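Chemist: Shown below is the structure under consideration.
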Amino acid sequence: MNWLFPLSKGSGPLPPLSSLQQQRQRQIESLKAAHASLAEIQKDVEYRIPFTVNNSTINVNILLPPQFPQEKPVVSVYPPVGHHLVDGNNGTMITSPLITNFGMHSDLGKVIQSLLDEFWKSPPALMSTGSRCSMYKPSGIAPYPTQFPLRLLTRGVDGAHGPPRAPAPYGLLSDLPLPVPTGDSQAGLNGHMYKMPEIPESFPELCDMNLTHLSDMSENEDLLLEFFVSLPQLKQVTDDKEELVTSIVDMAKKNLQMEPQLEGKRQEMLYKYEQLTHMKSAFETKMQRQHELSESCSLNTLQARLKVAAHQAEEESEETAENFLEGRTDIDEFLTSFMEKRTLCHSRRAKEEKLQQSINTHGPFPTSH
């Protein structure tokens with residue numbers, strides 16, 4: 001909490017944590033363990049969880065009061081939404097019983113997870129621009145608690161000049177951008193790495209101000225807003241944002257200019273793919289025909305056919321001999337037919353044996369010379 005007026009480094013060892021502080025740390029550890037996308041805005045004070053519903057990114061902001069977990073956490077969403085768990089006046093404050101009934105024995109990580117589960121089951125609807133204006137005006141419960149920044153501004157100053165004073169109320173700083181994580185770099189959805197500007201531990205401008213000026217800033221939102229807008233870190237983030245938006249617009253224009261060329265390439269690719277499909281079908285048909293022809297011309301196939309033909313010629317010669325023995329044919333016809341069939345049988349057997357020798361030497365497929 002001493003980010004505005006840090007303690008000196010030579011103040012000695014830190015005192016041990018109180019029981020309330022230990023319980024606070026346990027709740028924070030539970031929150032970190034339950035949500036991997038948790039971003040720390042201010043250590044032990046403010047955290048944020050982004051989630052996407054219906055192509056819209058909504059941030060759940062968790063603000064821990066000084067007496068947390070004795071005091072309930074303040075949970076809000078941005079941008080304003082319409083939902084039965086969200087206050088209908090401003091569309092940002094979560095009014096779920098899990099928050100309003102939060103106690104010492106509640107688990108912050110499980111409570112926030114239950115809220116996110118409910119948002120997934122019943123997606124919230126983004127409010128219109130006109131409806132969002134109401135969140136910047138105090139109505140009912142303030143969208144963000146007002147006691148922390150004022151206490152930080154007045155703590156350490158009032159103590160030296162008089163008794164502590166109560167924080168003055170002020171509304172939201174509506175023109176400031178949303179708080180962002182203060183890590184070295186943040187990765188967006190497209191993997192783009194953005195290096196955040198370094199946030200100093202203290203602001204020398206505040207240290208140089210007198211009590212009257214600090215009091216005016218705490219009571220006048222315009223003065224406080226003017227101070228924050230003038231910070232170089234905020235100016236750098238704003239300039240980086242404008243530069244990034246400009247580069248995105250330029251890239252989008254280039255993409256649109258390339259759209260006709262891309263569509264032409266796409267049609268060309270579809271035409272070539274169709275040609276490839278037809279050529280592949282014709283190739284497979286020819287390969288099948290080539291395989292059938294190779295099988296029919298292989299030495300093994302020829303040998304099998306010669307073996308069948310030789311066996312057939314042998315049976316025909318035996319049938320001619322039986323007809324002669326039974327007296328159904330004369331001797332001249334028997335000699336002519338028998339010698340012809342026997343010669344054919346032996347010729348086929350000789351060719352079969354020669355093919356077998358060739359198979360043993362060169363393999364089952366003939367080679368072309």
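Ligands are numbered from 1 in the order shown, residues from 1 within each chain, and chains are lettered A, B, ... in the order they appear in the structure tokens.
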Using only C-alpha atoms, determine which residues lie at most 12 Å from Leu108 of chain A, disregarding the query and same-chain residues fewer than 5 positions distant; provide the list as number ranges by chain.
Modeler: A: 23-35, 47, 62-64, 68-69, 72-75, 98-99, 101-103, 113-115
Chemist: Identify all residues of segment 14-50 of chain A in alpha helix (DSSP H) (DSSP on the backbone) and supply them as a list of chain:residue names.
Modeler: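 Written out, the alpha helix (DSSP H) residues of segment 14-50 of chain A are A:Ser19, A:Leu20, A:Gln21, A:Gln22, A:Gln23, A:Arg24, A:Gln25, A:Arg26, A:Gln27, A:Ile28, A:Glu29, A:Ser30, A:Leu31, A:Lys32, A:Ala33, A:Ala34.
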Chemist: Compile the contact shell of Thr57 of chain A as a list in words: residues with an atom at most 9 Å away, counting only C-alpha atoms, same-chain residues fewer than 5 positions apart removed.
Modeler: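 So, after excluding close chain neighbours, the residues are Pro50, Phe51, Thr52, Tyr78 and Pro79 of chain A.
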Chemist: So that I have them on file, write out the residues from the current selection with all heavy atoms, as a tab-separated table (two decimals), in the first residue's frame.
Modeler:
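Saved as selection_36.tsv:
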```
chain	number	residue	atom	x	y	z
A	50	PRO	N	-9.69	-11.93	-17.55
A	50	PRO	CA	-10.43	-11.77	-18.81
A	50	PRO	C	-11.06	-13.09	-19.25
A	50	PRO	O	-10.48	-14.16	-19.07
A	50	PRO	CB	-9.34	-11.31	-19.78
A	50	PRO	CG	-8.09	-11.94	-19.25
A	50	PRO	CD	-8.25	-12.04	-17.76
A	51	PHE	N	-12.26	-13.00	-19.81
A	51	PHE	CA	-12.87	-14.19	-20.41
A	51	PHE	C	-13.70	-13.74	-21.60
A	51	PHE	O	-14.14	-12.59	-21.68
A	51	PHE	CB	-13.73	-14.96	-19.39
A	51	PHE	CG	-15.00	-14.25	-18.99
A	51	PHE	CD1	-16.21	-14.57	-19.58
A	51	PHE	CD2	-14.98	-13.27	-18.01
A	51	PHE	CE1	-17.37	-13.92	-19.22
A	51	PHE	CE2	-16.14	-12.62	-17.64
A	51	PHE	CZ	-17.34	-12.94	-18.24
A	52	THR	N	-13.87	-14.64	-22.56
A	52	THR	CA	-14.53	-14.32	-23.82
A	52	THR	C	-15.84	-15.07	-23.92
A	52	THR	O	-15.88	-16.30	-23.75
A	52	THR	CB	-13.63	-14.67	-25.02
A	52	THR	OG1	-12.40	-13.95	-24.88
A	52	THR	CG2	-14.30	-14.28	-26.32
A	78	TYR	N	-16.24	-5.28	-16.70
A	78	TYR	CA	-16.13	-4.22	-17.70
A	78	TYR	C	-15.91	-4.87	-19.06
A	78	TYR	O	-15.13	-5.81	-19.16
A	78	TYR	CB	-14.96	-3.27	-17.38
A	78	TYR	CG	-14.93	-2.08	-18.31
A	78	TYR	CD1	-15.65	-0.94	-18.01
A	78	TYR	CD2	-14.22	-2.13	-19.50
A	78	TYR	CE1	-15.65	0.14	-18.87
A	78	TYR	CE2	-14.23	-1.05	-20.38
A	78	TYR	CZ	-14.94	0.09	-20.05
A	78	TYR	OH	-14.95	1.14	-20.90
A	79	PRO	N	-16.59	-4.42	-20.11
A	79	PRO	CA	-17.56	-3.32	-20.17
A	79	PRO	C	-18.89	-3.68	-19.50
A	79	PRO	O	-19.11	-4.85	-19.16
A	79	PRO	CB	-17.74	-3.13	-21.68
A	79	PRO	CG	-17.43	-4.46	-22.27
A	79	PRO	CD	-16.35	-5.04	-21.41
```
Chemist: I want to know what sits within 8 Å of segment 334-338 of chain A, based on only C-alpha atoms, with residues of the same chain fewer than 6 positions away left out; could you give that as a ChimeraX atom specification?
Modeler: /A:317,320-321,324
Chemist: Restricted to N, CA and C atoms, what would the selected residues look like written as a PDB file, in the first residue's frame?
Modeler:
```pdb
ATOM      1  N   SER A 317      -4.328 -87.893 -75.593  1.00  0.00           N
ATOM      2  CA  SER A 317      -3.612 -89.021 -76.203  1.00  0.00           C
ATOM      3  C   SER A 317      -4.046 -90.344 -75.576  1.00  0.00           C
ATOM      4  N   THR A 320      -7.334 -91.347 -77.039  1.00  0.00           N
ATOM      5  CA  THR A 320      -7.166 -91.891 -78.404  1.00  0.00           C
ATOM      6  C   THR A 320      -6.710 -93.343 -78.335  1.00  0.00           C
ATOM      7  N   ALA A 321      -5.809 -93.637 -77.386  1.00  0.00           N
ATOM      8  CA  ALA A 321      -5.334 -95.015 -77.243  1.00  0.00           C
ATOM      9  C   ALA A 321      -6.447 -95.940 -76.791  1.00  0.00           C
ATOM     10  N   PHE A 324      -8.655 -96.775 -79.707  1.00  0.00           N
ATOM     11  CA  PHE A 324      -8.040 -97.755 -80.618  1.00  0.00           C
ATOM     12  C   PHE A 324      -8.143 -99.160 -80.044  1.00  0.00           C
TER      13      PHE A 324
END
```
Chemist: Can you work out which one of A:Ser358, A:Ser19, A:Ser56, A:Gln257 has the shortest atom-to-atom distance to Ser298 of chain A, counting only C-alpha atoms?
Modeler: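 With only C-alpha atoms as the atom set, the closest residue is A:Ser358.
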Chemist: Could you tell me how far atom CA of Ala310 of chain A sits from atom CA of Arg349 of chain A, in Å to one decimal place?
Modeler: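 Taking atom CA of Arg349 of chain A as the start and atom CA of Ala310 of chain A as the end point, the length is 6.0 Å.
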Chemist: Based on DSSP run over this structure's backbone, return all residues of segment 6-135 of chain A in strand (DSSP E), as an MDAnalysis selection string.
Modeler: chainID A and resid 39:42 46:53 56:63 74:78 81:82 125:126
Chemist: Just give me the gap between atom CA of Asn300 of chain A and atom CA of Glu352 of chain A in Å, one decimal is fine.
Modeler: 9.8 Å
